[in-house]
$ cat start19.cif   # mmCIF, C-alpha atoms and all ligand atoms
data_model
#
loop_
_atom_site.label_atom_id
_atom_site.label_comp_id
_atom_site.auth_asym_id
_atom_site.auth_seq_id
_atom_site.Cartn_x
_atom_site.Cartn_y
_atom_site.Cartn_z
CA MET A 10 92.26 26.38 115.22
CA ILE A 11 91.78 25.59 111.57
CA TYR A 12 95.20 25.99 109.97
CA PHE A 13 94.99 26.57 106.22
CA ASP A 14 98.38 28.18 105.59
CA HIS A 15 100.72 25.29 104.83
CA ASN A 16 102.48 27.17 102.02
CA ALA A 17 103.67 29.65 104.65
CA THR A 18 104.93 26.88 106.89
CA THR A 19 103.98 23.42 108.10
CA PRO A 20 103.93 21.93 111.59
CA LEU A 21 106.74 19.48 112.34
CA ASP A 22 105.89 15.84 111.71
CA GLU A 23 106.19 13.88 114.99
CA ARG A 24 108.52 11.42 113.26
CA VAL A 25 110.76 14.31 112.26
CA ILE A 26 110.91 15.59 115.84
CA GLU A 27 111.83 12.10 117.01
CA ALA A 28 114.66 11.90 114.48
CA MET A 29 115.98 15.32 115.49
CA LEU A 30 115.91 15.02 119.28
CA PRO A 31 119.17 13.06 119.84
CA TYR A 32 121.11 15.71 117.93
CA PHE A 33 120.27 18.41 120.46
CA ASN A 34 121.92 16.70 123.43
CA THR A 35 123.22 13.13 123.05
CA PHE A 36 125.02 13.70 119.77
CA TYR A 37 126.12 17.29 120.16
CA GLY A 38 129.60 16.94 118.64
CA ASN A 39 130.89 19.16 115.90
CA PRO A 40 130.56 17.23 112.61
CA SER A 41 134.02 18.42 111.58
CA ALA A 42 135.63 16.86 114.68
CA LEU A 43 137.62 13.66 114.23
CA TYR A 44 136.62 11.91 117.49
CA ARG A 45 133.65 9.58 117.82
CA VAL A 46 130.84 11.97 118.76
CA GLY A 47 131.89 14.15 115.82
CA ARG A 48 131.97 11.21 113.43
CA VAL A 49 128.50 10.05 114.55
CA VAL A 50 127.13 13.51 113.79
CA ARG A 51 128.93 13.61 110.44
CA SER A 52 127.34 10.33 109.42
CA ALA A 53 123.88 11.66 110.42
CA ILE A 54 124.44 14.57 108.04
CA ASP A 55 125.53 12.11 105.35
CA VAL A 56 122.28 10.17 105.80
CA ALA A 57 120.21 13.36 105.60
CA ARG A 58 122.08 14.43 102.46
CA GLU A 59 121.29 11.07 100.90
CA GLN A 60 117.61 11.39 101.88
CA VAL A 61 117.28 14.86 100.35
CA ALA A 62 119.20 13.77 97.24
CA THR A 63 116.93 10.73 96.80
CA ALA A 64 113.81 12.90 97.12
CA VAL A 65 114.78 14.77 93.94
CA GLY A 66 116.75 11.99 92.21
CA VAL A 67 120.32 13.30 92.44
CA SER A 68 123.53 12.09 94.07
CA ALA A 69 124.35 13.26 97.59
CA ALA A 70 127.34 15.30 96.40
CA GLN A 71 124.95 17.60 94.56
CA VAL A 72 123.20 18.76 97.75
CA ILE A 73 124.40 21.91 99.54
CA PHE A 74 122.60 22.44 102.85
CA THR A 75 121.57 26.04 103.49
CA SER A 76 119.55 27.98 106.05
CA GLY A 77 116.43 27.61 103.89
CA GLY A 78 114.86 28.39 100.55
CA THR A 79 115.85 32.05 100.71
CA GLU A 80 119.55 31.27 101.03
CA ALA A 81 119.30 28.54 98.39
CA ASN A 82 117.78 31.03 95.96
CA ASN A 83 120.39 33.69 96.77
CA LEU A 84 123.16 31.12 96.41
CA ALA A 85 121.80 29.84 93.08
CA LEU A 86 122.38 33.27 91.58
CA LYS A 87 126.02 33.08 92.70
CA THR A 88 126.73 30.56 89.97
CA VAL A 89 127.06 33.41 87.50
CA SER A 90 128.94 36.65 87.86
CA SER A 91 126.78 39.60 88.92
CA ASP A 92 127.95 41.54 85.88
CA LEU A 93 126.20 39.07 83.57
CA PRO A 94 122.54 39.39 82.50
CA ILE A 95 119.85 37.49 84.40
CA ALA A 96 116.24 36.60 83.68
CA PHE A 97 113.53 35.49 86.10
CA SER A 98 109.79 35.02 85.84
CA ALA A 99 107.57 37.84 87.06
CA VAL A 100 106.06 35.54 89.70
CA GLU A 101 109.28 34.48 91.46
CA HIS A 102 109.68 34.65 95.23
CA PRO A 103 111.35 37.88 96.46
CA SER A 104 114.43 35.81 97.40
CA ILE A 105 115.11 35.54 93.66
CA ILE A 106 113.87 38.92 92.46
CA GLU A 107 115.68 41.05 95.06
CA PRO A 108 119.19 39.56 94.74
CA ALA A 109 118.79 39.33 90.95
CA ARG A 110 118.15 43.07 90.76
CA LYS A 111 120.87 43.99 93.23
CA ASN A 112 123.87 45.66 91.59
CA ARG A 113 122.51 45.01 88.10
CA GLN A 114 121.50 47.64 85.64
CA ARG A 115 118.04 47.48 84.17
CA ASP A 116 119.19 46.21 80.78
CA TYR A 117 120.93 43.28 82.50
CA CYS A 118 117.86 42.21 84.43
CA PHE A 119 114.91 40.70 82.56
CA GLU A 120 111.54 39.90 84.03
CA ILE A 121 109.81 37.16 82.02
CA SER A 122 106.13 37.93 81.78
CA VAL A 123 103.42 35.37 82.55
CA ASP A 124 100.00 34.89 80.94
CA GLN A 125 96.61 35.28 82.64
CA ASN A 126 97.07 31.84 84.20
CA GLY A 127 100.46 32.69 85.65
CA LEU A 128 102.37 30.58 83.13
CA VAL A 129 105.62 31.50 81.39
CA SER A 130 105.17 31.05 77.65
CA SER A 131 107.78 29.59 75.34
CA SER A 132 107.59 32.73 73.19
CA ALA A 133 108.47 34.89 76.21
CA LEU A 134 111.45 32.63 76.88
CA ASP A 135 112.50 32.63 73.26
CA ALA A 136 112.35 36.43 73.12
CA LEU A 137 115.04 36.61 75.81
CA PHE A 138 117.57 35.23 73.37
CA GLN A 139 116.66 37.49 70.46
CA GLN A 140 118.15 40.52 72.19
CA GLN A 141 121.73 41.67 72.56
CA ASN A 142 122.28 41.00 76.29
CA LYS A 143 121.45 37.31 76.49
CA PRO A 144 120.88 36.03 80.04
CA ALA A 145 123.55 33.83 81.63
CA ILE A 146 121.03 32.43 84.11
CA VAL A 147 117.26 31.95 83.98
CA SER A 148 115.18 31.32 87.09
CA ILE A 149 111.64 29.94 86.86
CA MET A 150 109.91 28.45 89.88
CA LEU A 151 108.40 24.98 89.66
CA ALA A 152 105.28 25.80 91.69
CA ASN A 153 104.05 29.20 92.78
CA ASN A 154 103.56 29.85 96.49
CA GLU A 155 100.41 31.94 96.00
CA ASN A 156 98.27 30.40 93.27
CA GLY A 157 100.00 26.99 93.21
CA VAL A 158 100.55 27.11 89.43
CA ILE A 159 103.03 24.52 88.15
CA GLN A 160 105.34 25.70 85.38
CA ASP A 161 106.43 23.43 82.54
CA ILE A 162 110.09 23.49 83.53
CA ALA A 163 111.02 20.48 81.35
CA SER A 164 109.84 22.34 78.23
CA ALA A 165 111.70 25.47 79.30
CA ALA A 166 114.86 23.37 79.77
CA HIS A 167 114.39 21.87 76.32
CA LEU A 168 114.02 25.30 74.78
CA LEU A 169 117.13 26.61 76.56
CA LYS A 170 119.19 23.51 75.84
CA ASP A 171 121.68 24.97 73.39
CA LYS A 172 121.68 28.48 74.73
CA GLN A 173 124.58 28.18 77.20
CA VAL A 174 122.47 29.35 80.06
CA VAL A 175 122.15 28.07 83.63
CA LEU A 176 118.56 27.09 84.47
CA HIS A 177 117.44 27.38 88.08
CA THR A 178 114.11 26.31 89.51
CA ASP A 179 112.73 27.18 92.93
CA ALA A 180 111.05 23.91 93.91
CA VAL A 181 110.32 24.99 97.49
CA GLN A 182 106.55 24.70 97.07
CA ALA A 183 106.65 21.67 94.81
CA LEU A 184 108.59 19.18 96.93
CA GLY A 185 106.26 16.87 98.83
CA LYS A 186 103.27 17.91 96.72
CA ILE A 187 104.19 16.65 93.24
CA PRO A 188 106.97 14.37 91.96
CA VAL A 189 110.17 16.40 91.64
CA SER A 190 113.03 15.01 89.55
CA PHE A 191 116.07 17.22 88.97
CA ARG A 192 117.06 15.18 85.94
CA LYS A 193 113.62 14.93 84.34
CA LEU A 194 113.10 18.66 84.73
CA GLY A 195 116.46 19.22 83.03
CA VAL A 196 117.54 22.00 85.37
CA ASN A 197 121.05 22.90 86.57
CA LEU A 198 120.05 24.26 89.98
CA MET A 199 117.13 23.67 92.33
CA SER A 200 116.13 25.27 95.65
CA LEU A 201 114.41 23.36 98.44
CA SER A 202 113.15 24.26 101.91
CA SER A 203 112.57 22.02 104.91
CA HIS A 204 109.75 23.83 106.70
CA LYS A 205 107.34 23.49 103.77
CA ILE A 206 107.49 19.69 104.02
CA TYR A 207 106.85 19.17 107.75
CA GLY A 208 110.52 19.64 108.59
CA PRO A 209 112.14 22.31 110.78
CA LYS A 210 112.48 25.98 109.87
CA GLY A 211 115.89 27.44 109.04
CA CYS A 212 117.06 24.63 106.80
CA GLY A 213 117.01 24.02 103.06
CA ALA A 214 119.23 23.02 100.20
CA LEU A 215 120.55 24.09 96.87
CA VAL A 216 120.85 21.15 94.48
CA ILE A 217 123.50 21.77 91.88
CA ASP A 218 124.79 20.16 88.69
CA LYS A 219 128.20 18.60 89.27
CA ASP A 220 130.04 20.78 86.76
CA ILE A 221 128.74 24.12 88.00
CA ALA A 222 131.04 26.36 90.02
CA ILE A 223 129.64 28.58 92.73
CA GLU A 224 130.86 31.63 94.59
CA PRO A 225 129.89 30.97 98.21
CA LEU A 226 127.80 33.46 100.15
CA LEU A 227 129.55 32.39 103.36
CA VAL A 228 133.27 31.68 103.55
CA GLY A 229 135.32 30.43 106.47
CA GLY A 230 135.70 26.85 107.66
CA GLY A 231 134.99 25.33 104.27
CA GLN A 232 132.01 23.20 105.24
CA GLU A 233 129.66 21.84 102.56
CA ASN A 234 132.63 21.17 100.31
CA ASN A 235 133.74 24.81 100.45
CA ARG A 236 130.37 25.96 99.14
CA ARG A 237 128.74 27.07 102.42
CA SER A 238 130.92 27.64 105.46
CA GLY A 239 129.63 27.52 109.02
CA THR A 240 129.10 24.68 111.48
CA GLU A 241 126.15 22.69 110.22
CA ASN A 242 122.69 23.08 111.80
CA VAL A 243 122.80 19.36 112.56
CA ALA A 244 119.41 18.69 114.17
CA ALA A 245 117.65 20.71 111.46
CA ILE A 246 119.54 18.92 108.68
CA VAL A 247 118.62 15.54 110.20
CA GLY A 248 114.98 16.71 110.41
CA PHE A 249 115.02 17.95 106.83
CA GLY A 250 116.38 14.59 105.68
CA LYS A 251 113.67 12.70 107.53
CA ALA A 252 110.96 15.04 106.21
CA ALA A 253 112.25 14.58 102.66
CA GLU A 254 112.25 10.81 103.07
CA LEU A 255 108.65 10.82 104.32
CA ALA A 256 107.55 13.25 101.61
CA LEU A 257 108.80 10.87 98.94
CA LEU A 258 107.46 7.75 100.63
CA GLU A 259 103.98 9.17 101.26
CA LEU A 260 103.60 11.34 98.18
CA ASP A 261 100.71 9.39 96.64
CA GLN A 262 98.60 9.18 99.77
CA ARG A 263 99.27 12.85 100.61
CA THR A 264 98.27 13.94 97.11
CA GLU A 265 95.08 11.91 97.23
CA HIS A 266 94.07 13.42 100.57
CA LEU A 267 94.86 16.97 99.48
CA LEU A 268 93.03 16.65 96.17
CA MET A 269 89.94 15.27 97.89
CA LEU A 270 89.90 18.23 100.29
CA ARG A 271 90.64 20.77 97.59
CA ASN A 272 87.84 19.52 95.34
CA MET A 273 85.47 19.85 98.25
CA LEU A 274 86.80 23.30 99.08
CA GLN A 275 86.50 24.52 95.49
CA GLN A 276 82.97 23.22 95.22
CA GLY A 277 82.04 25.14 98.37
CA LEU A 278 83.77 28.29 97.17
CA LYS A 279 81.89 28.17 93.88
CA SER A 280 78.58 28.51 95.72
CA ILE A 281 79.65 32.06 96.70
CA PRO A 282 78.43 34.53 94.06
CA GLU A 283 81.11 36.29 91.98
CA LEU A 284 83.98 34.45 93.68
CA VAL A 285 86.81 33.69 91.25
CA ILE A 286 89.38 30.93 91.74
CA PHE A 287 92.63 32.12 90.20
CA ALA A 288 94.40 29.90 87.64
CA GLU A 289 91.70 27.29 88.20
CA ARG A 290 92.07 25.70 84.79
CA VAL A 291 95.79 25.08 84.82
CA GLU A 292 97.84 22.49 86.65
CA ARG A 293 98.41 23.45 90.28
CA ILE A 294 99.95 21.79 93.34
CA PRO A 295 97.16 19.80 95.01
CA ASN A 296 96.96 21.76 98.27
CA THR A 297 96.54 25.33 97.02
CA VAL A 298 93.56 27.49 96.11
CA GLN A 299 93.72 31.24 95.69
CA PHE A 300 90.51 33.17 95.17
CA GLY A 301 89.16 36.69 95.01
CA ILE A 302 85.75 38.22 95.68
CA PRO A 303 85.02 41.56 93.98
CA GLY A 304 84.53 44.39 96.48
CA MET A 305 86.13 42.54 99.41
CA ASP A 306 89.45 43.36 101.04
CA GLY A 307 91.61 40.27 101.43
CA GLU A 308 93.45 41.42 104.54
CA MET A 309 90.23 42.47 106.25
CA LEU A 310 88.74 39.07 105.46
CA LEU A 311 91.90 37.39 106.76
CA MET A 312 91.53 39.24 110.08
CA GLN A 313 87.84 38.33 110.33
CA LEU A 314 88.68 34.69 109.69
CA ASP A 315 91.40 34.93 112.33
CA GLN A 316 88.79 36.05 114.84
CA LYS A 317 86.96 32.82 114.05
CA ASN A 318 90.21 30.94 114.68
CA ILE A 319 90.91 30.17 111.02
CA ALA A 320 94.41 30.90 109.68
CA VAL A 321 94.69 31.73 105.96
CA SER A 322 96.92 34.00 103.92
CA SER A 323 96.14 36.95 101.73
CA GLY A 324 99.21 36.31 99.60
CA SER A 325 102.69 35.07 100.39
CA ALA A 326 103.64 35.38 104.06
CA CYS A 327 106.41 37.76 103.14
CA THR A 328 104.15 40.28 101.45
CA SER A 329 101.06 40.02 103.65
CA GLY A 330 100.75 42.87 106.09
CA GLY A 331 102.25 45.17 103.49
CA GLY A 332 98.83 46.32 102.33
CA ARG A 333 99.84 45.86 98.72
CA ALA A 334 98.13 43.67 96.16
CA SER A 335 99.88 40.43 95.28
CA THR A 336 102.45 41.04 92.55
CA VAL A 337 101.83 37.49 91.35
CA LEU A 338 98.21 38.33 90.60
CA THR A 339 98.96 41.71 89.05
CA ALA A 340 101.60 40.00 86.85
CA MET A 341 98.75 37.76 85.65
CA GLY A 342 96.91 40.90 84.54
CA ILE A 343 94.42 40.90 87.40
CA GLU A 344 93.21 44.37 88.25
CA TYR A 345 94.93 45.83 91.34
CA LYS A 346 91.73 46.28 93.35
CA PHE A 347 90.53 42.75 92.62
CA ALA A 348 93.98 41.36 93.41
CA LYS A 349 93.69 43.01 96.83
CA SER A 350 90.69 40.82 97.60
CA ALA A 351 92.77 37.64 97.28
CA ILE A 352 92.82 34.91 99.88
CA ARG A 353 95.09 31.88 99.68
CA ILE A 354 94.14 28.58 101.23
CA SER A 355 96.95 26.04 101.45
CA LEU A 356 95.87 22.71 102.84
CA GLY A 357 97.96 20.17 104.70
CA GLN A 358 98.09 16.58 105.79
CA THR A 359 96.17 16.98 109.03
CA ASN A 360 93.29 19.02 107.59
CA THR A 361 89.90 17.30 107.51
CA GLU A 362 86.63 17.41 105.58
CA THR A 363 84.92 18.84 108.68
CA GLU A 364 87.37 21.75 108.71
CA VAL A 365 86.71 22.47 105.04
CA LYS A 366 82.93 22.45 105.62
CA GLN A 367 83.31 24.70 108.66
CA PHE A 368 85.49 27.12 106.72
CA ILE A 369 82.98 27.41 103.90
CA GLU A 370 80.17 28.14 106.37
CA VAL A 371 82.19 30.82 108.16
CA LEU A 372 83.32 32.37 104.87
CA LYS A 373 79.72 32.52 103.60
CA SER A 374 78.58 34.22 106.79
CA LEU A 375 81.37 36.82 106.50
CA VAL A 376 80.84 37.52 102.80
C1 LIG B 1 108.49 29.66 96.46
C2 LIG B 1 109.30 29.99 97.67
N1 LIG B 1 110.61 30.15 97.55
C3 LIG B 1 111.39 30.43 98.59
C4 LIG B 1 110.86 30.58 99.86
C5 LIG B 1 111.76 30.88 101.02
O1 LIG B 1 111.99 29.74 101.79
P1 LIG B 1 112.49 29.87 103.30
O2 LIG B 1 111.32 30.31 104.11
O3 LIG B 1 112.95 28.49 103.66
O4 LIG B 1 113.60 30.85 103.32
C6 LIG B 1 109.48 30.44 100.04
C7 LIG B 1 108.88 30.64 101.36
O5 LIG B 1 107.78 31.13 101.51
C8 LIG B 1 108.68 30.13 98.92
O6 LIG B 1 107.36 29.96 99.02
#
$ encode --input "start19.cif" --output "C-alpha cells" --more "lines below"
Ligand SMILES: Cc1ncc(COP(=O)(O)O)c(C=O)c1O
Amino acid sequence: MIYFDHNATTPLDERVIEAMLPYFNTFYGNPSALYRVGRVVRSAIDVAREQVATAVGVSAAQVIFTSGGTEANNLALKTVSSDLPIAFSAVEHPSIIEPARKNRQRDYCFEISVDQNGLVSSSALDALFQQQNKPAIVSIMLANNENGVIQDIASAAHLLKDKQVVLHTDAVQALGKIPVSFRKLGVNLMSLSSHKIYGPKGCGALVIDKDIAIEPLLVGGGQENNRRSGTENVAAIVGFGKAAELALLELDQRTEHLLMLRNMLQQGLKSIPELVIFAERVERIPNTVQFGIPGMDGEMLLMQLDQKNIAVSSGSACTSGGGRASTVLTAMGIEYKFAKSAIRISLGQTNTETEVKQFIEVLKSLV
C-alpha cells in the first residue's frame, strides 16, 4: 500500500512502541499509588511531560495530558466562561468550531474570515475589536490539516497583545513538521496530538500559560493537577513523550525528506492539465499538498485510488465520507463544485520517491 494520509494519522514509530511496551504489563501500577510500581509509573509520566514540554519550549507544569487534540481543543475553550464572546478562524478543526458555537448566541460567536490562500488577515483580526462584543478568546490554528497553510500566529499575538484576550492555537498539524515554540508564537494555549507525530492514538496535550485558570471537562480524582481527572493513559503518554522527543530531535532531517518528496510530487501534479494546487504560493507544512481538478469528484477519485492500493484523503478525515465540499476550501472562496474535486496528499517519513512516481502515474491514468 502507498499511504499518503499522514495528516489523518501516522503509523507508530518502532522506537515509540518499544518505549510503551513495559507500561502495558511490567509497570502496570496506578501512577497515583504510593508504592514502588506506582512511583515508577509516575516518574515515567513525569519524563513524558518533560519531553512534550521541551518539544514546544515550555516547562513541564504547563502540560495537561488529554485524550487527544479534540479534547485539548475543547478544554482550551474552557479557559473562558461560555457566556463570553469567542472568535475562531473559518478554517479551524470541528473540535474548535463545534464547542465554540455550543450554547452561544450568534452575536457572541465570531468566525474570522480567511483570504483566498487560507490566511487570516490582520485587518480581519482588528475588526473583531471594533465591535461591541469583544471576544474573550481567539482561536487560530498554526497549520491547517487540509491545505497545510501556516498562519502567522506571532503577528496575531502581537496584534492582540493589549486586548485582554486569550489566544489559543491548534498546533496539532504543526508539531513535528515545523519548529513550534509556545513562547515565540506568543500564545496562551496550544493543542497537541500524539498520533500525528508517530505516537499512539488517544493521547494529546493542552499547553497552558501558568496564570490561566481552567474549568476542567472531567472532574473526579484530581489528576493532572486538578485540570483533567481520570487515571492516566500511561502507555500512551509515555509513547507521546517519546514521539515528541524524536520529532524535535529529527525535525531537520524529516523536513528535508518531506520537502524533497513534495517538490517531486508537485512537479508531477503540474503535468496534469487544469490541476490546481491550493494555497501553493503561501507557506505550508512540508508534507501537505491539496489539489483540485475541474470536473472530477474528489471522493470518487479517492475510491479509485484506493482500488489501486493508494490511501489519500479528500479533505479532513472527519469530514470525508460526508459528501460535502471542504469548508476550508469554500472559506477560501473556492467554488463549491471545484472544492468537491479536492484531494489531499499528506506525506510521511517512510514514503519514498518511487511511491511518489507511482502515484503520479496512477493518477494520470485515472484522470
Ligand atoms: C488540526 C487538527 N486539530 C485537531 C485534531 C483532532 O485531534 P485528535 O484526532 O487527536 O482528537 C485534528 C485531527 O485530525 C487536526 O487535524
$ closest_residue --input "start19.cif" --among "A:Lys210, A:His167, A:Lys111, A:Arg51" --to "ligand LIG 1 (chain B)" --atoms "all atoms listed in the file"
A:Lys210
$ residues_near_ligand --input "start19.cif" --ligand "ligand LIG 1 (chain B)" --cutoff "6 Å" --atoms "all atoms listed in the file" --output "NGL selection string"
:A and (17 or 77-79 or 102 or 153-154 or 179 or 181-182 or 202)
$ write_last_selection --input "start19.cif" --atoms "C-alpha atoms" --output "tab-separated table (two decimals), in the frame of the given file"
chain	number	residue	atom	x	y	z
A	17	ALA	CA	103.67	29.65	104.65
A	77	GLY	CA	116.43	27.61	103.89
A	78	GLY	CA	114.86	28.39	100.55
A	79	THR	CA	115.85	32.05	100.71
A	102	HIS	CA	109.68	34.65	95.23
A	153	ASN	CA	104.05	29.20	92.78
A	154	ASN	CA	103.56	29.85	96.49
A	179	ASP	CA	112.73	27.18	92.93
A	181	VAL	CA	110.32	24.99	97.49
A	182	GLN	CA	106.55	24.70	97.07
A	202	SER	CA	113.15	24.26	101.91
$ atom_distance --input "start19.cif" --atom1 "atom CA of A:Leu274" --atom2 "atom CA of A:Ile369"
7.4 Å
$ closest_residue --input "start19.cif" --among "A:Ser76, A:Ser335, A:Thr178, A:Ser41" --to "A:Ile105" --atoms "all atoms listed in the file"
A:Thr178
$ residues_around --input "start19.cif" --residues "stretch 138-147 of chain A" --least-positions-apart "6" --cutoff "10 Å" --atoms "only C-alpha atoms" --output "ChimeraX atom specification"
/A:85-98,109,116-121,165-166,169,172-178,197
$ write_last_selection --input "start19.cif" --atoms "C-alpha atoms" --output "mmCIF file, keeping the file's coordinate frame"
data_model
loop_
_atom_site.group_PDB
_atom_site.id
_atom_site.type_symbol
_atom_site.label_atom_id
_atom_site.label_comp_id
_atom_site.auth_asym_id
_atom_site.auth_seq_id
_atom_site.Cartn_x
_atom_site.Cartn_y
_atom_site.Cartn_z
ATOM 1 C CA ALA A 85 121.800 29.840 93.080
ATOM 2 C CA LEU A 86 122.380 33.270 91.580
ATOM 3 C CA LYS A 87 126.020 33.080 92.700
ATOM 4 C CA THR A 88 126.730 30.560 89.970
ATOM 5 C CA VAL A 89 127.060 33.410 87.500
ATOM 6 C CA SER A 90 128.940 36.650 87.860
ATOM 7 C CA SER A 91 126.780 39.600 88.920
ATOM 8 C CA ASP A 92 127.950 41.540 85.880
ATOM 9 C CA LEU A 93 126.200 39.070 83.570
ATOM 10 C CA PRO A 94 122.540 39.390 82.500
ATOM 11 C CA ILE A 95 119.850 37.490 84.400
ATOM 12 C CA ALA A 96 116.240 36.600 83.680
ATOM 13 C CA PHE A 97 113.530 35.490 86.100
ATOM 14 C CA SER A 98 109.790 35.020 85.840
ATOM 15 C CA ALA A 109 118.790 39.330 90.950
ATOM 16 C CA ASP A 116 119.190 46.210 80.780
ATOM 17 C CA TYR A 117 120.930 43.280 82.500
ATOM 18 C CA CYS A 118 117.860 42.210 84.430
ATOM 19 C CA PHE A 119 114.910 40.700 82.560
ATOM 20 C CA GLU A 120 111.540 39.900 84.030
ATOM 21 C CA ILE A 121 109.810 37.160 82.020
ATOM 22 C CA ALA A 165 111.700 25.470 79.300
ATOM 23 C CA ALA A 166 114.860 23.370 79.770
ATOM 24 C CA LEU A 169 117.130 26.610 76.560
ATOM 25 C CA LYS A 172 121.680 28.480 74.730
ATOM 26 C CA GLN A 173 124.580 28.180 77.200
ATOM 27 C CA VAL A 174 122.470 29.350 80.060
ATOM 28 C CA VAL A 175 122.150 28.070 83.630
ATOM 29 C CA LEU A 176 118.560 27.090 84.470
ATOM 30 C CA HIS A 177 117.440 27.380 88.080
ATOM 31 C CA THR A 178 114.110 26.310 89.510
ATOM 32 C CA ASN A 197 121.050 22.900 86.570
#
$ atom_distance --input "start19.cif" --atom1 "atom CA of A:Thr297" --atom2 "atom CA of A:Ala62"
25.4 Å
$ closest_atom_pairs --input "start19.cif" --of "stretch 137-231 of chain A" --to "stretch 254-269 of chain A" --cutoff "12 Å" --atoms "all atoms listed in the file" --output "JSON lines"
{"residue": "A:Ala183", "atom": "CA", "partner": "A:Ala256", "partner_atom": "CA", "distance": 10.9}
{"residue": "A:Leu184", "atom": "CA", "partner": "A:Ala256", "partner_atom": "CA", "distance": 7.6}
{"residue": "A:Gly185", "atom": "CA", "partner": "A:Ala256", "partner_atom": "CA", "distance": 4.7}
{"residue": "A:Lys186", "atom": "CA", "partner": "A:Thr264", "partner_atom": "CA", "distance": 6.4}
{"residue": "A:Ile187", "atom": "CA", "partner": "A:Leu260", "partner_atom": "CA", "distance": 7.3}
{"residue": "A:Pro188", "atom": "CA", "partner": "A:Leu260", "partner_atom": "CA", "distance": 7.7}
{"residue": "A:Val189", "atom": "CA", "partner": "A:Leu257", "partner_atom": "CA", "distance": 9.3}
{"residue": "A:Ser190", "atom": "CA", "partner": "A:Leu257", "partner_atom": "CA", "distance": 11.1}
{"residue": "A:Ser203", "atom": "CA", "partner": "A:Ala256", "partner_atom": "CA", "distance": 10.6}
{"residue": "A:His204", "atom": "CA", "partner": "A:Ala256", "partner_atom": "CA", "distance": 11.9}
{"residue": "A:Lys205", "atom": "CA", "partner": "A:Ala256", "partner_atom": "CA", "distance": 10.5}
{"residue": "A:Ile206", "atom": "CA", "partner": "A:Ala256", "partner_atom": "CA", "distance": 6.9}
{"residue": "A:Tyr207", "atom": "CA", "partner": "A:Ala256", "partner_atom": "CA", "distance": 8.6}
{"residue": "A:Gly208", "atom": "CA", "partner": "A:Ala256", "partner_atom": "CA", "distance": 9.9}
$ write_last_selection --input "start19.cif" --atoms "C-alpha atoms" --output "short mmCIF file (atom, residue, chain, number, x, y, z; two decimals), in the frame of the given file"
data_model
loop_
_atom_site.label_atom_id
_atom_site.label_comp_id
_atom_site.auth_asym_id
_atom_site.auth_seq_id
_atom_site.Cartn_x
_atom_site.Cartn_y
_atom_site.Cartn_z
CA ALA A 183 106.65 21.67 94.81
CA LEU A 184 108.59 19.18 96.93
CA GLY A 185 106.26 16.87 98.83
CA LYS A 186 103.27 17.91 96.72
CA ILE A 187 104.19 16.65 93.24
CA PRO A 188 106.97 14.37 91.96
CA VAL A 189 110.17 16.40 91.64
CA SER A 190 113.03 15.01 89.55
CA SER A 203 112.57 22.02 104.91
CA HIS A 204 109.75 23.83 106.70
CA LYS A 205 107.34 23.49 103.77
CA ILE A 206 107.49 19.69 104.02
CA TYR A 207 106.85 19.17 107.75
CA GLY A 208 110.52 19.64 108.59
#
$ atom_distance --input "start19.cif" --atom1 "atom CA of A:Glu224" --atom2 "atom CA of A:Ala180"
21.3 Å
$ closest_residue --input "start19.cif" --among "A:Val216, A:Val243, A:Met273, A:Val285" --to "A:Gly47" --atoms "only C-alpha atoms"
A:Val243
$ closest_residue --input "start19.cif" --among "A:Asn126, A:Thr63, A:Ser104, A:Asn83" --to "A:Gln299" --atoms "all atoms listed in the file"
A:Asn126
$ closest_residue --input "start19.cif" --among "A:Lys349, A:Lys373, A:Arg58, A:Arg192" --to "A:Gly301" --atoms "all atoms listed in the file"
A:Lys349
$ closest_residue --input "start19.cif" --among "A:Asp135, A:Asp14, A:Asp306, A:Glu23" --to "A:Asp171" --atoms "all atoms listed in the file"
A:Asp135
